[in-house]
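Trainee: First the structure, then my questions, so here it is.
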Amino acid sequence: MTHPPSMIRALRIVQLASRLVPARLRADWRQEWEGELGAASDRPHLIRHALGSFADAFWIRQRELADLKTIDDLRHGFRQWRQQFGFVVTAVGILALSIASAVTAFSVVSHILLRPLPYHQPDRIVTLFERQPGTAGRTDVAPGNFLDWRARATSFSHLAAVDPYSYDYTGGDRPIVLKAVKVTDGFFDLFGIQPLYGRFFRADEHKKGNDKVAVLSERFWRSHFNGDPAVVGRTMPLDDGAYLIAGVAPADFQPHFQEYGPGDRDLFKAKDIEEYEPRIRVSGYWSVAGRLKDGVSIEQARAEMEAISAAIEQENPRSNKDVRADVITLREHLVGDVRPAMGLFAAAVVAVLLIACVNVTNLLLARGAVRQQELAVRTALGASRTRLVGQLLVETLMLASLATVGALLIAQGAMRGLSNFGPRDVMWIDTLHVDTAVIGFSTLLAFVVTIAAGLVPAFRLAGLGLHMPGHRTMTGDRSQRRLRSALVVAEVALALMLICGTSLLLRSFINLVNVDTGFRKDGVMVLQMFAWDRNTGPVALRSFQQRVIEKVGALPGVQSVGTVQAMPFIESNVDIRSAVRLLDQPAPPPGEDLRSSINIVSP
Amino acid sequence: MRLTYPTALVLQALLDGHHHGFDIMEATGLPSGTVYPILRRLDSEGCVRSRWEKQSVAQKEQRPPRRYCELTLGGRQLAGEARNRARAMADAGQKLFGAMEYEG
């Protein structure tokens with residue numbers, strides 16, 4: 001069969017275009033076009049018609065790449081899984097567990113360290129503490145000092161204090177003790193928040209006589225008033241009378257800025273400044289927060305507070321020797337001390353993730369050795385390297401999808417556990433949950449990890465494909481063994497690092513548990529009492545205490561009873577510092593006397 | 001599937017008894033680069049069934065065998081729909097352009 005020149009050219013064009021067509025379909029495709037051209041050899045515009053074969057070839061190519069291949073690969077992947085069920089369960093298990101731990105760490109870190117505080121311009125809110133050089137850490141603020149700070153400082157648009165307090169609430173089924181704080185004027189304005197219902201305190205409610213007003217926390221309102229908005233405006237029985245419920249605070253408003261006695265508060269009460277409070281300068285028990293004025297930096301505020309503290313020291317040399325005000329941002333105060341722990345946590349999780357990655361890579365490599373024969377056959381049948389790598393990657397992605405689902409389920413359980421049983425003093429841990437960010441993060445992580453773990457084996461295997469028929473080993477050649485050895489070494493090194501870290505932590509923990517407290521703690525029970533407001537005066541208090549000691553002592557099984565003002569090793573708002581003098585030494589000069597925290601105990 | 005104007009033309013050509021790519025090109029006036037992807041699409045959607053013509057027929061004409069396309073039942077329905085749409089278009093055009101002519 002001889003062809004006219006235009007026909008030969010047209011056939012060449014089709015031959016060229018056929019290179020775009022996937023190998024599987026190429027022969028068929030060329031035959032089809034040649035058939036068409038052959039039947040049209042006598043027609044005009046043959047070349048133009050032939051050029052149309054490029055459009056056809058492109059169409060087939062994109063379609064083949066888009067879905068046919070992936071669907072085939074998926075089908076093939078499922079077949080593989082059925083054959084190697086144990087491998088799938090192991091790989092998915094490893095991936096899901098490690099990804100779940102990483103996701104949980106991510107959630108905890110983002111939830112606790114990175115979450116925006118639910119206040120207006122939260123970065124402008126600071127907390128203020130007292131600090132004495134040479135003593136450990138920060139302490140709460142004495143009322144007299146706070147009042148002076150508030151009168152003199154100009155760096156803050158608001159400066160407010162809270163006075164931790166407890167109330168006996170007798171309006172429910174049984175009497176309960178409510179954790180509360182008395183707050184000074186401007187406290188809620190400082191945070192720039194709006195009440196959920198009702199209102200916050202008016203200025204005149206911070207005066208004696210008008211101050212029996214309360215704002216409920218959202219949680220207490222839900223648990224004890226069934227979330228009924230109609231309670232606003234009613235009264236509730238507390239300690240010494242009926243208190244007006246002015247409003248309900250927004251859901252997540254729990255300003256944990258007390259240095260001692262953290263935890264959610266049930267109630268906020270308007271505080272009036274007692275006549276004696278300006279004179280208290282030694283024992284700090286108030287917590288102070290402020291909002292920086294616009295344009296004032298925290299450094300400027302620190303400098304101003306330093307000057308004010310120095311001035312107060314000059315005026316009160318006995319009580320305020322070396323006492324300075326410490327200004328830190330609210331965020332730093334809330335999460336500053338958990339940050340190192342979180343860093344450690346995150347590092348450990350990354351190590352676990354790496355180990356899992358290496359593990360899965362190893363698993364895939366080992367399985368690859370088993371599959372070399374299959375791949376060799378497929379290469380011999382004309383599968384390209386890209387196609388084989390693609391096939392192996394699709395299988396890896398199938399693993400990733402399954403691992404994501406598993407990881408999310410495990411992470412959900414872990415977060416529920418953490419929020420229920422996690423350390424109470426870590427802020428916001430009780431509101432941990434799986435959200436869209438977590439789902440997105442875990443999906444991303446699963447795919448990155450699985451592809452990282454699957455890429456090396458996929459390329460190696462696809463490259464090895466044709467070697468196979470030459471040698472019959474089923475355990476992989478030397479270079480593959482070397483790679484696997486390297487992976488195992490890396491894995492063991494990481495695991496060793498983790499084990500060392502964990503055992504050191506565990507050792508510290510055991511040491512802490514075994515610290516000699518200096519007393520026998522078995523068989524000791526404690527009970528907290530708030531007795532002063534119903535037993536006014538030292539005589540009444542003493543007789544109340546005596547009655548309690550007698551009654552408790554008469555209970556069967558009780559050996560001895562004692563009372564103490566502030567329980568050792570238990571969070572307490574009581575830290576009374578006072579000057580002490582050694583009886584056998586002369587009185588020291590003013591401002592130089594010894595100071596110590598004091599605690600009053602019964603015999 | 002998406003019923004474009006060229007797709008409608010190709011369907012109509014198939015309905016009219018054109019069974020080969022180049023015949024359809026001639027009947028519709030569309031270039032091969034348009035007709036072939038449409039045929040592939042129709043094939044993958046199950047509107048067209050294709051088979052190779054008998055070797056004997058090709059041998060008699062001294063050329064390679066060609067691929068032969070015909071509409072399936074679904075393809076016929078689609079072609080009917082295309083025809084209805086084209087008719088509605090033509091009616092609308094008639095109304096619009098006819099009226100213009102009358103006014104002019």
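Chains: A, B, ... in order of the structure tokens. Residues: from 1 per chain. Ligands: from 1, in order shown.
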I'd like the contact shell of stretch 22-33 of chain B - 7 Å cut-off, only C-alpha atoms, skipping same-chain residues fewer than 2 positions apart - returned as number ranges by chain.
Mentor: A: 36, 49, 52-53, 55-56; B: 9-10, 13, 18-20, 35-37
Trainee: Just the residues within 10 Å of A:Thr431, please, counting only C-alpha atoms, with nothing from its chain fewer than 3 positions along; format it as a JSON list (two decimals) with C-alpha atoms, in the first residue's frame.
Mentor:
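Dumped everything to selection-v8.json:
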```
[["chain", "number", "residue", "atom", "x", "y", "z"],
["A", 111, "HIS", "CA", -6.02, 25.70, 73.28],
["A", 112, "ILE", "CA", -3.95, 26.79, 76.24],
["A", 252, "ASP", "CA", -16.05, 31.89, 79.66],
["A", 415, "MET", "CA", -8.99, 15.01, 75.00],
["A", 416, "ARG", "CA", -12.09, 13.91, 76.84],
["A", 418, "LEU", "CA", -7.57, 15.20, 79.69],
["A", 419, "SER", "CA", -10.46, 17.59, 80.16],
["A", 420, "ASN", "CA", -11.99, 15.32, 82.81],
["A", 427, "MET", "CA", -6.00, 26.85, 82.68],
["A", 428, "TRP", "CA", -8.91, 25.94, 80.37]]
```
Trainee: Which chain A residues have any atom within 9 Å of an atom of chain B, and for each, what is the nearest pair of atoms with distance in Å to one decimal, counting only C-alpha atoms, rows sorted by chain and number, as CSV?
Mentor:
```
residue,atom,partner,partner_atom,distance
A:Met1,CA,B:Gln62,CA,7.7
A:Gln31,CA,B:Pro64,CA,7.8
A:Glu32,CA,B:Arg67,CA,5.9
A:Trp33,CA,B:Arg66,CA,8.0
A:Glu34,CA,B:Pro64,CA,6.8
A:Gly35,CA,B:Arg66,CA,4.4
A:Glu36,CA,B:Arg66,CA,5.8
A:Leu37,CA,B:Phe22,CA,8.2
A:Gly38,CA,B:Arg63,CA,5.5
A:Ala39,CA,B:Arg63,CA,6.5
A:Ala40,CA,B:Phe22,CA,7.3
A:Arg48,CA,B:Ser32,CA,8.1
A:His49,CA,B:Ser32,CA,5.4
A:Ala50,CA,B:Ser32,CA,7.6
A:Leu51,CA,B:Gly33,CA,7.3
A:Gly52,CA,B:Gly33,CA,3.7
A:Ser53,CA,B:Gly33,CA,6.2
A:Phe54,CA,B:Gly33,CA,7.1
A:Ala55,CA,B:Gly33,CA,4.9
A:Asp56,CA,B:Pro37,CA,5.3
A:Ala57,CA,B:Pro37,CA,8.6
A:Phe58,CA,B:Pro37,CA,8.9
A:Trp59,CA,B:Pro37,CA,6.1
A:Ile60,CA,B:Pro37,CA,7.9
```
Trainee: Assign secondary structure with DSSP using the backbone only, and return the residues of chain B in helix (DSSP H, G or I) as a PyMOL selection string.
Mentor: chain B and resi 5-15+21-28+32-44+55-60+73-103
Trainee: If you run DSSP over the backbone, which residues in chain B end up strand (DSSP E or B)? Put them as number ranges by chain.
Mentor: B: 48-52, 67-71
Trainee: If you keep N, CA, C and O atoms, can you produce a file of those selected residues as a PDB file, in the first residue's frame?
Mentor:
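Written output follows (selection20.pdb):
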```
ATOM      1  N   VAL B  48     -22.523   6.311  23.614  1.00  0.00           N
ATOM      2  CA  VAL B  48     -22.077   5.802  22.324  1.00  0.00           C
ATOM      3  C   VAL B  48     -21.362   4.474  22.565  1.00  0.00           C
ATOM      4  O   VAL B  48     -20.682   4.309  23.576  1.00  0.00           O
ATOM      5  N   ARG B  49     -21.593   3.526  21.638  1.00  0.00           N
ATOM      6  CA  ARG B  49     -20.893   2.263  21.734  1.00  0.00           C
ATOM      7  C   ARG B  49     -20.023   2.180  20.480  1.00  0.00           C
ATOM      8  O   ARG B  49     -20.454   2.576  19.403  1.00  0.00           O
ATOM      9  N   SER B  50     -18.779   1.712  20.633  1.00  0.00           N
ATOM     10  CA  SER B  50     -17.951   1.665  19.420  1.00  0.00           C
ATOM     11  C   SER B  50     -17.401   0.257  19.219  1.00  0.00           C
ATOM     12  O   SER B  50     -17.185  -0.465  20.185  1.00  0.00           O
ATOM     13  N   ARG B  51     -17.197  -0.115  17.989  1.00  0.00           N
ATOM     14  CA  ARG B  51     -16.579  -1.406  17.689  1.00  0.00           C
ATOM     15  C   ARG B  51     -15.813  -1.276  16.375  1.00  0.00           C
ATOM     16  O   ARG B  51     -16.067  -0.344  15.596  1.00  0.00           O
ATOM     17  N   TRP B  52     -14.895  -2.209  16.187  1.00  0.00           N
ATOM     18  CA  TRP B  52     -14.114  -2.171  14.953  1.00  0.00           C
ATOM     19  C   TRP B  52     -14.926  -2.762  13.814  1.00  0.00           C
ATOM     20  O   TRP B  52     -15.673  -3.720  14.009  1.00  0.00           O
ATOM     21  N   ARG B  67     -12.921   2.459  13.168  1.00  0.00           N
ATOM     22  CA  ARG B  67     -13.772   2.273  14.348  1.00  0.00           C
ATOM     23  C   ARG B  67     -15.152   2.812  14.020  1.00  0.00           C
ATOM     24  O   ARG B  67     -15.279   3.856  13.397  1.00  0.00           O
ATOM     25  N   TYR B  68     -16.141   2.110  14.479  1.00  0.00           N
ATOM     26  CA  TYR B  68     -17.503   2.365  14.071  1.00  0.00           C
ATOM     27  C   TYR B  68     -18.281   2.764  15.336  1.00  0.00           C
ATOM     28  O   TYR B  68     -18.243   2.058  16.341  1.00  0.00           O
ATOM     29  N   CYS B  69     -18.951   3.930  15.326  1.00  0.00           N
ATOM     30  CA  CYS B  69     -19.688   4.404  16.522  1.00  0.00           C
ATOM     31  C   CYS B  69     -21.178   4.356  16.269  1.00  0.00           C
ATOM     32  O   CYS B  69     -21.634   4.709  15.174  1.00  0.00           O
ATOM     33  N   GLU B  70     -21.936   3.949  17.303  1.00  0.00           N
ATOM     34  CA  GLU B  70     -23.391   4.106  17.179  1.00  0.00           C
ATOM     35  C   GLU B  70     -23.968   4.492  18.538  1.00  0.00           C
ATOM     36  O   GLU B  70     -23.367   4.234  19.586  1.00  0.00           O
ATOM     37  N   LEU B  71     -25.134   5.111  18.483  1.00  0.00           N
ATOM     38  CA  LEU B  71     -25.757   5.590  19.722  1.00  0.00           C
ATOM     39  C   LEU B  71     -26.325   4.423  20.503  1.00  0.00           C
ATOM     40  O   LEU B  71     -26.895   3.501  19.918  1.00  0.00           O
TER      41      LEU B  71
END
```
Trainee: For atom CA of A:Arg75 and atom CA of A:Ala446, determine how far apart the two atoms are, in Å to one decimal place.
Mentor: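 About the pair atom CA of A:Arg75 and atom CA of A:Ala446: they are 21.4 Å apart.
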Trainee: Excluding stretch 72-75 of chain B and any residue of its chain fewer than 4 positions from it, enumerate the residues within 9 Å of it, using only C-alpha atoms, and give them as a list in words.
Mentor: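 Surrounding residues, per the criterion: Leu11, Leu42, Glu45, Gly46, Cys47, Val48, Arg49, Ala79 and Gly80 of chain B.
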